[in-house]
Amino acid sequence: ECLMRSLAHSGGHLLVDHLQSVAVVAGEFAGGCGDASTARNWACAAGLWHDLGKYRPGFQKYVRLADGENAHIEGKVASRDKSHSAAGALWAERLMEQKHGTAGKLAARVLMYLIAGHHAGLGDWHQGLRERLAEPESQRELADALAAQPPAEILHGAAPVPGSLRHIPGGLQDGFALWLRMLFSCLVDADFLDTEAHFDAGKPRQRSGFPTLTKMHAAFNAHMAALPVRDTPVNRLRADVLHQCRSQAALAPGFFSLTVPTGGGKTLSSLAFALEHAQKHGQRRIIYAIPYTSIIEQTADVFRRVFAALGDEVLIEHHSQAESAPEQETARSRLACENWDAPLVVTTNVQLFESLFAAKTSRCRKLHNIAGSVIVLDEAQQLPPAFLQPILDVLNLLVAHYGVTVLLCTATQPALSNTAYFDASKNLRGLNNVREIIAEPDALFAALERVRVELPTDWNRPIPWPQLAEQLAQEDCVLAIVSTRKSARTLHGLMPEGTLHLSAQMCGAHRQAVIAEIKQRLQARRDGSDPRPLRVVSTQLVEAGVDIDFPVVYRAVAGLDSIAQAAGRCNREGLLPEKGRVMVFVSEDAPPRGSLRLATQAAVSTLQAHHGQPLERALFERYFRAFYYAQNLDEKAIAAKLRPDRELAVQFATAAQDFKLIDEEGSATVVVRYGAAREEIDRLLGVLAAEGPQRWLMRKLQRYTVTLPQRMADKMLAQGSLSLPMPGLYAQVNTDNLYSNILGLLNEDEIYNPGSFYS
């Protein structure tokens, strides 16, 4: 009777019930992870044994004295009795060796990774997990758990067959790491959900309630049919793009590209394809990934308007900001890192790809919900070159073995297919069988040509900022795009009063307000109600997803794809009597080092050797060839770290630490006090101080955050300009002079020395 009353958590949560429930749910989640039977067997075994160490008398004493849903999490308090994740890992090794000998002992390492990491995260086998499990305390944990005589249905209820590892999706060498992370996702999500349901029976209901993809598909069609559309050449072409996306959606799942010039309506057309395709092929969700945090809110808002008839909660909008530090993680903050159990997820490339290579439980939790999805990669040319090879490898595995369709959506296709220019001599592996949706993309590009691009006469002679500002001041309506925040502030400071400014030094809500003002004034200029000059200086954040339409655009020389994106903000609707003007100039500030500088160099060399139109579609393959071949596409050797050796040793933790699309150690997230929302920001920070991080709260605060270099944030913290309301999240103190309602967040040096603006 005492044994049957062993608890998994405080509040009477029986351990046997928890283990069996997690095993069942993890097995259900694993059904989409390659060979369903194989994946379910391994996931069920991991679920059944993951908390075996909780049968220890010491843990049972501890859990009866503890209180709350976080009490059982290892690492919160130094307590030998609290540790429980080693016992199940070691039991899996012992039992499988007894049943299958050396092969069983080796295969058991799959379960050892999963079980030992279900709180701490997936570890490296060498110099990590192997040493930890060999420690006397880990061995004692198993002995204590077995001495408590757990039920036979727990100890012997599941034991996968080693030979089933032959069915790993993609093969042992190439597919093992992703498959194991998928199983890990199934285990930790099942564990979290069962624990959550015990402590709060209403939580499962809170997670449900999203509309089905079927309802969203119908709502999308109704919205598009009701849109008032002027009969213009551009709108007729957009309608044709939409029609082709819908008609091609019936094709079998796999890789697709949607090559549409900027302004061709690819955002809604790509969503139409995804909805239609998911419906026809039984896929569970759509994941819309965007390279820039700066525009994710407006894309999500576009989608919310499309699905307005279905209510407010129609999608998950997930940014990669303000996550708690691992040592501070609680069940509540884990809930904030959603498991993506919704039909439509709008997220960033950072969230999507860092999750696919993650080791942390909170990041990996969503992975099994990526299986069976349609992934739309908006602005696919923005995939980071330093990590391009491992990204392409994981996309190939998802499409071939996990029921995923990937749509590469851009005006400037980077030509990532195996049939392009990926070179076996350099061990570069492209994507398999990418199908273009648009029947005649060259004809579409010609029909949507709305600008005339003027290139510098001398690529080696930069134009001084004052001279550039003078040229811009002569224009009545102009957008100037530069490559750095420093350049934007320098140029803006030389412009006539009333010039607007956009950069990532402004929080999302501030940028959104300025963009809304720009759109309103552009419309007012067209209808004659506001003839005031409109001049805007911006960084490249306006180059993707921002539907603005200027007659004249200036662009500092950059990658050819960036120049094309800038051109997409010029004469976007094709309403000018003549073509719009796009002026490419060489700025005084050299482009930042690294990928941006290589992109600029590749663009200049490509354009210098070309004598036709600067934005011809065929030109982009030459540009991307030069751009990619100039750098290492697996800079951190991620592929090698995730390839198992004969001992199934993998560097999960090291690979996850190295796979960072944004250098988290070098940057900090700051909640600013944007004047128009000061009271709301104060209220949200008050809730954070009183109640800690919560999903809804962090999502609201994201709209008021700016990213700074870590060194700058630490300096401002020491000066008293910032506070630290939670680990990993800074906040501007209640002073007015640190946030400009024109330029965004300043630091104290900038207040007294405007010439010191950092890039």
# chains A, B, ... in the order shown; residues from 1 in each chain; ligands from 1
$ residues_around --residues "Pro253 (chain A)" --least-positions-apart "3" --cutoff "9 Å" --atoms "only C-alpha atoms" --output "list in words"
Ala249, Ala250, Phe256, His277, His281, Val374, Val399, Gly403, Val404, Thr405 and Val406 of chain A
$ select_by_dssp --residues "region 254-448 of chain A" --states "strand (DSSP E)" --output "PyMOL selection string"
chain A and resi 255-259+285-290+316-318+344-348+373-378+405-410+434-436
$ write_last_selection --atoms "N, CA, C and O atoms" --output "short mmCIF file (atom, residue, chain, number, x, y, z; two decimals), in the first residue's frame"
data_model
loop_
_atom_site.label_atom_id
_atom_site.label_comp_id
_atom_site.auth_asym_id
_atom_site.auth_seq_id
_atom_site.Cartn_x
_atom_site.Cartn_y
_atom_site.Cartn_z
N PHE A 255 9.46 20.09 -50.94
CA PHE A 255 10.01 21.44 -51.01
C PHE A 255 9.35 22.21 -52.16
O PHE A 255 9.22 21.69 -53.27
N PHE A 256 8.98 23.46 -51.87
CA PHE A 256 8.44 24.36 -52.89
C PHE A 256 9.15 25.71 -52.76
O PHE A 256 9.60 26.09 -51.68
N SER A 257 9.22 26.43 -53.87
CA SER A 257 9.68 27.81 -53.83
C SER A 257 8.59 28.69 -54.42
O SER A 257 7.89 28.29 -55.36
N LEU A 258 8.44 29.86 -53.85
CA LEU A 258 7.51 30.86 -54.35
C LEU A 258 8.32 32.10 -54.67
O LEU A 258 8.69 32.87 -53.78
N THR A 259 8.65 32.26 -55.93
CA THR A 259 9.52 33.35 -56.37
C THR A 259 8.65 34.46 -56.95
O THR A 259 8.20 34.38 -58.09
N ARG A 285 -0.42 21.69 -38.83
CA ARG A 285 -0.27 23.12 -38.51
C ARG A 285 0.60 23.81 -39.55
O ARG A 285 1.28 23.16 -40.35
N ILE A 286 0.57 25.13 -39.49
CA ILE A 286 1.39 25.98 -40.36
C ILE A 286 2.34 26.76 -39.47
O ILE A 286 1.91 27.40 -38.50
N ILE A 287 3.60 26.73 -39.80
CA ILE A 287 4.62 27.49 -39.07
C ILE A 287 5.19 28.52 -40.03
O ILE A 287 5.81 28.17 -41.04
N TYR A 288 4.94 29.78 -39.74
CA TYR A 288 5.37 30.88 -40.62
C TYR A 288 6.57 31.54 -39.95
O TYR A 288 6.45 32.21 -38.92
N ALA A 289 7.76 31.31 -40.52
CA ALA A 289 9.00 31.79 -39.91
C ALA A 289 9.52 33.02 -40.65
O ALA A 289 9.59 33.03 -41.88
N ILE A 290 9.90 34.02 -39.88
CA ILE A 290 10.29 35.33 -40.40
C ILE A 290 11.68 35.67 -39.87
O ILE A 290 11.97 35.43 -38.69
N ILE A 316 -0.36 31.47 -32.52
CA ILE A 316 0.70 31.70 -31.54
C ILE A 316 1.74 32.60 -32.19
O ILE A 316 2.20 32.32 -33.30
N GLU A 317 2.08 33.66 -31.51
CA GLU A 317 3.12 34.58 -31.98
C GLU A 317 4.29 34.42 -31.03
O GLU A 317 4.23 34.82 -29.88
N HIS A 318 5.35 33.81 -31.48
CA HIS A 318 6.45 33.42 -30.58
C HIS A 318 7.75 34.08 -31.00
O HIS A 318 8.29 33.77 -32.06
N LEU A 344 -1.70 27.61 -36.25
CA LEU A 344 -0.88 28.60 -36.94
C LEU A 344 0.11 29.21 -35.95
O LEU A 344 -0.29 29.76 -34.93
N VAL A 345 1.38 29.10 -36.26
CA VAL A 345 2.45 29.65 -35.43
C VAL A 345 3.21 30.67 -36.27
O VAL A 345 3.69 30.34 -37.37
N VAL A 346 3.32 31.88 -35.78
CA VAL A 346 4.13 32.91 -36.44
C VAL A 346 5.33 33.15 -35.54
O VAL A 346 5.19 33.53 -34.38
N THR A 347 6.51 32.89 -36.07
CA THR A 347 7.69 32.91 -35.23
C THR A 347 8.88 33.45 -36.01
O THR A 347 8.74 33.92 -37.14
N THR A 348 10.03 33.41 -35.39
CA THR A 348 11.26 33.90 -36.03
C THR A 348 12.12 32.72 -36.45
O THR A 348 12.00 31.61 -35.93
N SER A 373 3.85 19.38 -40.40
CA SER A 373 3.47 20.79 -40.55
C SER A 373 3.87 21.31 -41.92
O SER A 373 4.63 20.68 -42.66
N VAL A 374 3.35 22.48 -42.26
CA VAL A 374 3.81 23.24 -43.42
C VAL A 374 4.64 24.40 -42.88
O VAL A 374 4.13 25.23 -42.13
N ILE A 375 5.91 24.45 -43.25
CA ILE A 375 6.80 25.53 -42.80
C ILE A 375 6.98 26.51 -43.95
O ILE A 375 7.44 26.13 -45.03
N VAL A 376 6.61 27.75 -43.72
CA VAL A 376 6.83 28.82 -44.70
C VAL A 376 8.03 29.63 -44.23
O VAL A 376 7.99 30.22 -43.15
N LEU A 377 9.08 29.62 -45.01
CA LEU A 377 10.27 30.42 -44.69
C LEU A 377 10.19 31.71 -45.48
O LEU A 377 10.54 31.77 -46.67
N ASP A 378 9.69 32.76 -44.82
CA ASP A 378 9.58 34.05 -45.47
C ASP A 378 10.97 34.67 -45.60
O ASP A 378 11.80 34.56 -44.70
N THR A 405 6.21 19.90 -45.14
CA THR A 405 6.38 20.62 -46.41
C THR A 405 7.06 21.95 -46.11
O THR A 405 6.70 22.62 -45.14
N VAL A 406 8.04 22.33 -46.91
CA VAL A 406 8.75 23.60 -46.73
C VAL A 406 8.54 24.47 -47.97
O VAL A 406 8.77 24.02 -49.10
N LEU A 407 8.10 25.69 -47.74
CA LEU A 407 7.91 26.67 -48.81
C LEU A 407 8.93 27.78 -48.64
O LEU A 407 8.93 28.49 -47.63
N LEU A 408 9.84 27.92 -49.61
CA LEU A 408 10.84 28.99 -49.62
C LEU A 408 10.23 30.18 -50.33
O LEU A 408 9.98 30.14 -51.53
N CYS A 409 10.02 31.24 -49.60
CA CYS A 409 9.22 32.35 -50.09
C CYS A 409 10.07 33.62 -50.15
O CYS A 409 10.52 34.11 -49.11
N THR A 410 10.32 34.14 -51.36
CA THR A 410 11.17 35.32 -51.47
C THR A 410 11.11 35.88 -52.88
O THR A 410 10.72 35.19 -53.82
N VAL A 434 13.33 20.81 -55.18
CA VAL A 434 12.56 22.04 -54.90
C VAL A 434 11.73 22.38 -56.13
O VAL A 434 12.26 22.52 -57.24
N ARG A 435 10.41 22.54 -55.95
CA ARG A 435 9.51 22.81 -57.06
C ARG A 435 9.02 24.26 -57.01
O ARG A 435 8.53 24.70 -55.97
N GLU A 436 9.16 24.97 -58.11
CA GLU A 436 8.71 26.36 -58.18
C GLU A 436 7.21 26.40 -58.45
O GLU A 436 6.69 25.71 -59.33
#
$ residues_around --residues "region 589-601 of chain A" --least-positions-apart "2" --cutoff "6 Å" --atoms "only C-alpha atoms" --output "PyMOL selection string"
chain A and resi 558-559+587+603-604+627
$ write_last_selection --atoms "N, CA, C and O atoms" --output "CSV table (one decimal), in the first residue's frame"
chain,number,residue,atom,x,y,z
A,558,ALA,N,24.7,47.3,-50.6
A,558,ALA,CA,24.6,46.1,-49.7
A,558,ALA,C,24.5,44.9,-50.5
A,558,ALA,O,24.8,44.9,-51.7
A,559,GLY,N,24.0,43.8,-50.0
A,559,GLY,CA,23.8,42.6,-50.7
A,559,GLY,C,22.8,42.8,-51.8
A,559,GLY,O,21.9,43.7,-51.7
A,587,SER,N,28.1,54.6,-49.1
A,587,SER,CA,28.1,55.4,-47.9
A,587,SER,C,29.5,55.6,-47.3
A,587,SER,O,30.4,54.8,-47.6
A,603,ALA,N,27.9,41.5,-54.1
A,603,ALA,CA,27.0,42.3,-54.9
A,603,ALA,C,27.8,43.2,-55.8
A,603,ALA,O,27.4,43.3,-57.0
A,604,VAL,N,28.8,43.9,-55.3
A,604,VAL,CA,29.6,44.8,-56.1
A,604,VAL,C,30.3,44.0,-57.3
A,604,VAL,O,30.2,44.5,-58.4
A,627,PHE,N,28.5,34.8,-53.0
A,627,PHE,CA,28.3,35.1,-51.6
A,627,PHE,C,28.5,33.8,-50.7
A,627,PHE,O,29.3,33.8,-49.7
$ residues_around --residues "region 648-659 of chain A" --least-positions-apart "4" --cutoff "7 Å" --atoms "only C-alpha atoms" --output "PyMOL selection string"
chain A and resi 122-126+354+357-359+636+638+641-644
$ atom_distance --atom1 "CA of Ser529 (chain A)" --atom2 "CA of Pro551 (chain A)"
17.7 Å
$ select_by_dssp --residues "region 126-347 of chain A" --states "helix (DSSP H, G or I)" --output "PyMOL selection string"
chain A and resi 126-134+136-147+152-155+162-167+172-199+203-207+213-226+233-248+266-281+293-306+308-310+326-328+331-336
$ closest_residue --among "A:Val586, A:Met698, A:Ala46, A:Ala411" --to "Phe620 (chain A)" --atoms "only C-alpha atoms"
A:Ala411
$ closest_residue --among "A:His401, A:Thr232, A:Lys99, A:Ile391" --to "Gly171 (chain A)" --atoms "only C-alpha atoms"
A:His401
$ closest_residue --among "A:Met182, A:Leu315, A:Val241, A:Ala278" --to "Thr214 (chain A)" --atoms "only C-alpha atoms"
A:Ala278
$ closest_residue --among "A:Leu275, A:Ile515, A:Leu444, A:Leu724" --to "Ala239 (chain A)" --atoms "only C-alpha atoms"
A:Leu444
$ residues_around --residues "His9 (chain A)" --least-positions-apart "3" --cutoff "12 Å" --atoms "only C-alpha atoms" --output "NGL selection string"
:A and (5-6 or 12-19 or 51 or 54-55 or 59-73 or 82 or 191-192 or 194-199)
$ write_last_selection --atoms "N, CA, C and O atoms" --output "short mmCIF file (atom, residue, chain, number, x, y, z; two decimals), in the first residue's frame"
data_model
loop_
_atom_site.label_atom_id
_atom_site.label_comp_id
_atom_site.auth_asym_id
_atom_site.auth_seq_id
_atom_site.Cartn_x
_atom_site.Cartn_y
_atom_site.Cartn_z
N ARG A 5 1.29 4.24 -2.96
CA ARG A 5 1.04 5.64 -2.63
C ARG A 5 2.27 6.51 -2.89
O ARG A 5 2.30 7.66 -2.49
N SER A 6 3.30 5.95 -3.56
CA SER A 6 4.47 6.76 -3.92
C SER A 6 4.02 7.91 -4.81
O SER A 6 3.21 7.73 -5.73
N GLY A 12 -0.62 14.75 -3.81
CA GLY A 12 -1.25 13.46 -4.04
C GLY A 12 -1.15 12.91 -5.44
O GLY A 12 -1.93 12.03 -5.82
N HIS A 13 -0.21 13.39 -6.24
CA HIS A 13 -0.05 12.89 -7.61
C HIS A 13 0.70 11.57 -7.57
O HIS A 13 1.92 11.53 -7.38
N LEU A 14 0.00 10.46 -7.76
CA LEU A 14 0.59 9.14 -7.64
C LEU A 14 1.63 8.91 -8.73
O LEU A 14 1.41 9.19 -9.91
N LEU A 15 2.77 8.34 -8.32
CA LEU A 15 3.88 8.15 -9.24
C LEU A 15 3.53 7.14 -10.33
O LEU A 15 3.85 7.36 -11.50
N VAL A 16 2.88 6.05 -9.98
CA VAL A 16 2.54 5.05 -10.99
C VAL A 16 1.61 5.64 -12.04
O VAL A 16 1.75 5.36 -13.24
N ASP A 17 0.68 6.47 -11.62
CA ASP A 17 -0.23 7.12 -12.58
C ASP A 17 0.54 8.06 -13.49
O ASP A 17 0.31 8.11 -14.71
N HIS A 18 1.46 8.83 -12.90
CA HIS A 18 2.24 9.79 -13.69
C HIS A 18 3.10 9.07 -14.72
O HIS A 18 3.12 9.45 -15.91
N LEU A 19 3.80 8.01 -14.32
CA LEU A 19 4.67 7.30 -15.25
C LEU A 19 3.88 6.68 -16.39
O LEU A 19 4.28 6.77 -17.56
N ASP A 51 10.96 8.97 -14.36
CA ASP A 51 10.96 9.37 -12.94
C ASP A 51 11.14 8.17 -12.02
O ASP A 51 10.67 8.18 -10.88
N LYS A 54 12.18 8.52 -8.40
CA LYS A 54 11.28 9.08 -7.38
C LYS A 54 10.75 8.01 -6.42
O LYS A 54 10.12 8.34 -5.41
N TYR A 55 10.99 6.73 -6.71
CA TYR A 55 10.61 5.69 -5.76
C TYR A 55 11.53 5.64 -4.55
O TYR A 55 11.23 4.98 -3.56
N PHE A 59 13.35 10.59 -1.65
CA PHE A 59 12.53 11.49 -2.46
C PHE A 59 11.10 11.53 -1.95
O PHE A 59 10.46 12.59 -1.92
N GLN A 60 10.56 10.38 -1.56
CA GLN A 60 9.18 10.34 -1.06
C GLN A 60 9.03 11.18 0.20
O GLN A 60 8.03 11.88 0.39
N LYS A 61 10.06 11.14 1.04
CA LYS A 61 10.03 12.00 2.23
C LYS A 61 10.09 13.47 1.82
O LYS A 61 9.34 14.32 2.33
N TYR A 62 10.96 13.76 0.87
CA TYR A 62 11.13 15.14 0.41
C TYR A 62 9.85 15.69 -0.20
O TYR A 62 9.42 16.80 0.11
N VAL A 63 9.22 14.91 -1.10
CA VAL A 63 8.08 15.43 -1.84
C VAL A 63 6.88 15.65 -0.92
O VAL A 63 6.01 16.49 -1.19
N ARG A 64 6.81 14.91 0.19
CA ARG A 64 5.71 15.10 1.14
C ARG A 64 5.91 16.36 1.99
O ARG A 64 4.95 16.92 2.50
N LEU A 65 7.17 16.78 2.11
CA LEU A 65 7.44 18.01 2.86
C LEU A 65 7.45 19.24 1.96
O LEU A 65 7.25 20.36 2.42
N ALA A 66 7.68 18.99 0.66
CA ALA A 66 7.75 20.11 -0.30
C ALA A 66 6.35 20.55 -0.68
O ALA A 66 5.35 19.91 -0.38
N ASP A 67 6.30 21.67 -1.38
CA ASP A 67 5.01 22.20 -1.80
C ASP A 67 5.18 22.90 -3.14
O ASP A 67 6.16 23.61 -3.37
N GLY A 68 4.23 22.68 -4.04
CA GLY A 68 4.23 23.41 -5.30
C GLY A 68 4.74 22.59 -6.46
O GLY A 68 5.44 21.59 -6.30
N GLU A 69 4.40 23.04 -7.65
CA GLU A 69 4.68 22.26 -8.86
C GLU A 69 6.13 22.30 -9.29
O GLU A 69 6.55 21.50 -10.12
N ASN A 70 6.93 23.20 -8.70
CA ASN A 70 8.34 23.25 -9.08
C ASN A 70 9.24 22.48 -8.13
O ASN A 70 10.44 22.36 -8.37
N ALA A 71 8.67 21.95 -7.06
CA ALA A 71 9.49 21.37 -6.01
C ALA A 71 10.32 20.18 -6.50
O ALA A 71 11.42 19.94 -6.03
N HIS A 72 9.78 19.43 -7.46
CA HIS A 72 10.47 18.21 -7.90
C HIS A 72 11.59 18.47 -8.89
O HIS A 72 12.37 17.57 -9.19
N ILE A 73 11.68 19.69 -9.45
CA ILE A 73 12.64 19.94 -10.52
C ILE A 73 14.06 19.90 -9.98
O ILE A 73 14.39 20.60 -9.02
N LYS A 82 16.48 14.75 -3.75
CA LYS A 82 15.67 15.30 -4.82
C LYS A 82 16.06 14.75 -6.19
O LYS A 82 15.24 14.69 -7.10
N ASP A 191 5.54 15.01 -20.10
CA ASP A 191 5.83 15.19 -18.66
C ASP A 191 5.27 16.51 -18.16
O ASP A 191 4.58 16.58 -17.14
N PHE A 192 5.54 17.60 -18.89
CA PHE A 192 5.04 18.92 -18.49
C PHE A 192 3.52 18.93 -18.45
O PHE A 192 2.91 19.45 -17.51
N ASP A 194 1.30 16.46 -18.14
CA ASP A 194 0.70 15.67 -17.08
C ASP A 194 0.88 16.35 -15.72
O ASP A 194 -0.04 16.36 -14.89
N THR A 195 2.04 16.92 -15.49
CA THR A 195 2.29 17.65 -14.24
C THR A 195 1.39 18.87 -14.15
O THR A 195 0.79 19.15 -13.10
N GLU A 196 1.28 19.58 -15.23
CA GLU A 196 0.43 20.78 -15.28
C GLU A 196 -1.03 20.44 -14.99
O GLU A 196 -1.70 21.15 -14.23
N ALA A 197 -1.52 19.36 -15.58
CA ALA A 197 -2.91 18.96 -15.38
C ALA A 197 -3.18 18.58 -13.93
O ALA A 197 -4.27 18.81 -13.40
N HIS A 198 -2.17 18.00 -13.25
CA HIS A 198 -2.34 17.65 -11.83
C HIS A 198 -2.48 18.89 -10.97
O HIS A 198 -3.36 18.97 -10.10
N PHE A 199 -1.65 19.88 -11.20
CA PHE A 199 -1.66 21.06 -10.35
C PHE A 199 -2.73 22.07 -10.72
O PHE A 199 -3.14 22.88 -9.89
#
$ closest_atom_pairs --of "region 352-459 of chain A" --to "region 563-585 of chain A" --cutoff "8 Å" --atoms "only C-alpha atoms" --output "CSV"
residue,atom,partner,partner_atom,distance
A:Ala411,CA,A:Gln565,CA,7.8
A:Thr412,CA,A:Ala564,CA,7.6
A:Arg450,CA,A:Lys579,CA,5.2
A:Val451,CA,A:Gly580,CA,4.4
A:Arg452,CA,A:Arg581,CA,5.2
A:Val453,CA,A:Val582,CA,4.7
A:Glu454,CA,A:Met583,CA,5.0
A:Leu455,CA,A:Val584,CA,5.1
A:Pro456,CA,A:Phe585,CA,5.7
$ write_last_selection --atoms "all heavy atoms" --output "mmCIF file, in the first residue's frame"
data_model
loop_
_atom_site.group_PDB
_atom_site.id
_atom_site.type_symbol
_atom_site.label_atom_id
_atom_site.label_comp_id
_atom_site.auth_asym_id
_atom_site.auth_seq_id
_atom_site.Cartn_x
_atom_site.Cartn_y
_atom_site.Cartn_z
ATOM 1 N N ALA A 411 11.535 37.115 -53.017
ATOM 2 C CA ALA A 411 11.692 37.702 -54.346
ATOM 3 C C ALA A 411 13.054 37.366 -54.933
ATOM 4 O O ALA A 411 13.266 37.472 -56.141
ATOM 5 C CB ALA A 411 11.530 39.220 -54.270
ATOM 6 N N THR A 412 13.991 36.961 -54.076
ATOM 7 C CA THR A 412 15.371 36.728 -54.512
ATOM 8 C C THR A 412 15.794 35.339 -54.051
ATOM 9 O O THR A 412 16.512 35.199 -53.067
ATOM 10 C CB THR A 412 16.307 37.800 -53.923
ATOM 11 O OG1 THR A 412 16.139 37.842 -52.489
ATOM 12 C CG2 THR A 412 15.976 39.168 -54.480
ATOM 13 N N ARG A 450 8.772 47.916 -61.841
ATOM 14 C CA ARG A 450 8.168 49.234 -61.601
ATOM 15 C C ARG A 450 9.189 50.311 -61.265
ATOM 16 O O ARG A 450 8.837 51.430 -60.936
ATOM 17 C CB ARG A 450 7.170 49.124 -60.441
ATOM 18 C CG ARG A 450 5.940 48.307 -60.741
ATOM 19 C CD ARG A 450 5.381 47.655 -59.492
ATOM 20 N NE ARG A 450 6.324 46.668 -58.971
ATOM 21 C CZ ARG A 450 6.143 45.984 -57.853
ATOM 22 N NH1 ARG A 450 5.078 46.187 -57.127
ATOM 23 N NH2 ARG A 450 7.028 45.095 -57.445
ATOM 24 N N VAL A 451 10.489 49.954 -61.312
ATOM 25 C CA VAL A 451 11.512 50.920 -60.902
ATOM 26 C C VAL A 451 12.664 50.934 -61.898
ATOM 27 O O VAL A 451 12.863 49.994 -62.665
ATOM 28 C CB VAL A 451 12.072 50.590 -59.501
ATOM 29 C CG1 VAL A 451 10.970 50.609 -58.456
ATOM 30 C CG2 VAL A 451 12.798 49.243 -59.496
ATOM 31 N N ARG A 452 13.412 52.030 -61.836
ATOM 32 C CA ARG A 452 14.667 52.166 -62.576
ATOM 33 C C ARG A 452 15.774 52.294 -61.536
ATOM 34 O O ARG A 452 15.751 53.187 -60.683
ATOM 35 C CB ARG A 452 14.624 53.407 -63.461
ATOM 36 C CG ARG A 452 15.886 53.602 -64.314
ATOM 37 C CD ARG A 452 15.803 54.859 -65.187
ATOM 38 N NE ARG A 452 15.925 56.086 -64.405
ATOM 39 C CZ ARG A 452 14.912 56.897 -64.096
ATOM 40 N NH1 ARG A 452 13.682 56.595 -64.475
ATOM 41 N NH2 ARG A 452 15.115 57.997 -63.407
ATOM 42 N N VAL A 453 16.736 51.373 -61.575
ATOM 43 C CA VAL A 453 17.816 51.352 -60.592
ATOM 44 C C VAL A 453 19.040 52.053 -61.162
ATOM 45 O O VAL A 453 19.515 51.711 -62.253
ATOM 46 C CB VAL A 453 18.178 49.904 -60.194
ATOM 47 C CG1 VAL A 453 19.301 49.904 -59.158
ATOM 48 C CG2 VAL A 453 16.952 49.175 -59.653
ATOM 49 N N GLU A 454 19.542 53.043 -60.420
ATOM 50 C CA GLU A 454 20.747 53.770 -60.821
ATOM 51 C C GLU A 454 21.885 53.387 -59.885
ATOM 52 O O GLU A 454 21.766 53.521 -58.658
ATOM 53 C CB GLU A 454 20.499 55.280 -60.775
ATOM 54 C CG GLU A 454 19.413 55.737 -61.746
ATOM 55 C CD GLU A 454 19.232 57.242 -61.755
ATOM 56 O OE1 GLU A 454 20.184 57.955 -61.347
ATOM 57 O OE2 GLU A 454 18.144 57.705 -62.158
ATOM 58 N N LEU A 455 22.992 52.901 -60.465
ATOM 59 C CA LEU A 455 24.137 52.439 -59.692
ATOM 60 C C LEU A 455 25.199 53.534 -59.602
ATOM 61 O O LEU A 455 25.230 54.448 -60.433
ATOM 62 C CB LEU A 455 24.735 51.188 -60.340
ATOM 63 C CG LEU A 455 23.787 49.988 -60.481
ATOM 64 C CD1 LEU A 455 24.488 48.857 -61.230
ATOM 65 C CD2 LEU A 455 23.302 49.516 -59.124
ATOM 66 N N PRO A 456 26.083 53.450 -58.610
ATOM 67 C CA PRO A 456 27.160 54.450 -58.502
ATOM 68 C C PRO A 456 28.071 54.405 -59.733
ATOM 69 O O PRO A 456 28.334 53.338 -60.291
ATOM 70 C CB PRO A 456 27.925 54.015 -57.237
ATOM 71 C CG PRO A 456 26.986 53.127 -56.487
ATOM 72 C CD PRO A 456 26.121 52.474 -57.507
#
$ residues_around --residues "His510 (chain A)" --least-positions-apart "2" --cutoff "12 Å" --atoms "only C-alpha atoms" --output "number ranges by chain"
A: 294, 297, 500-508, 512-517, 672-678, 702-706, 739-745
$ residues_around --residues "Ala225 (chain A)" --least-positions-apart "4" --cutoff "12 Å" --atoms "only C-alpha atoms" --output "ChimeraX atom specification"
/A:218-221,229,239,242,306
$ write_last_selection --atoms "N, CA, C and O atoms" --output "CSV table (one decimal), in the first residue's frame"
chain,number,residue,atom,x,y,z
A,218,ALA,N,-11.6,28.2,-44.5
A,218,ALA,CA,-12.8,28.8,-44.9
A,218,ALA,C,-12.8,30.3,-44.6
A,218,ALA,O,-13.3,31.1,-45.4
A,219,ALA,N,-12.3,30.7,-43.4
A,219,ALA,CA,-12.3,32.1,-43.1
A,219,ALA,C,-11.3,32.9,-44.0
A,219,ALA,O,-11.6,34.0,-44.4
A,220,PHE,N,-10.2,32.2,-44.4
A,220,PHE,CA,-9.3,32.9,-45.3
A,220,PHE,C,-10.0,33.1,-46.7
A,220,PHE,O,-9.9,34.2,-47.2
A,221,ASN,N,-10.6,32.1,-47.2
A,221,ASN,CA,-11.3,32.3,-48.5
A,221,ASN,C,-12.4,33.3,-48.4
A,221,ASN,O,-12.6,34.1,-49.4
A,229,VAL,N,-10.9,45.3,-54.1
A,229,VAL,CA,-9.6,45.3,-54.8
A,229,VAL,C,-9.8,46.2,-56.1
A,229,VAL,O,-10.7,45.9,-56.9
A,239,ALA,N,-3.5,38.7,-58.1
A,239,ALA,CA,-4.5,37.7,-58.2
A,239,ALA,C,-4.1,36.4,-58.9
A,239,ALA,O,-4.4,35.3,-58.5
A,242,LEU,N,-1.9,34.4,-56.5
A,242,LEU,CA,-2.8,33.7,-55.5
A,242,LEU,C,-3.4,32.5,-56.2
A,242,LEU,O,-3.4,31.4,-55.6
A,306,VAL,N,-7.1,38.7,-41.1
A,306,VAL,CA,-7.6,37.7,-42.0
A,306,VAL,C,-8.6,36.8,-41.3
A,306,VAL,O,-9.7,36.5,-41.8
$ closest_residue --among "A:Ser417, A:Thr707, A:Asn349, A:Asn369" --to "Phe387 (chain A)" --atoms "only C-alpha atoms"
A:Asn349
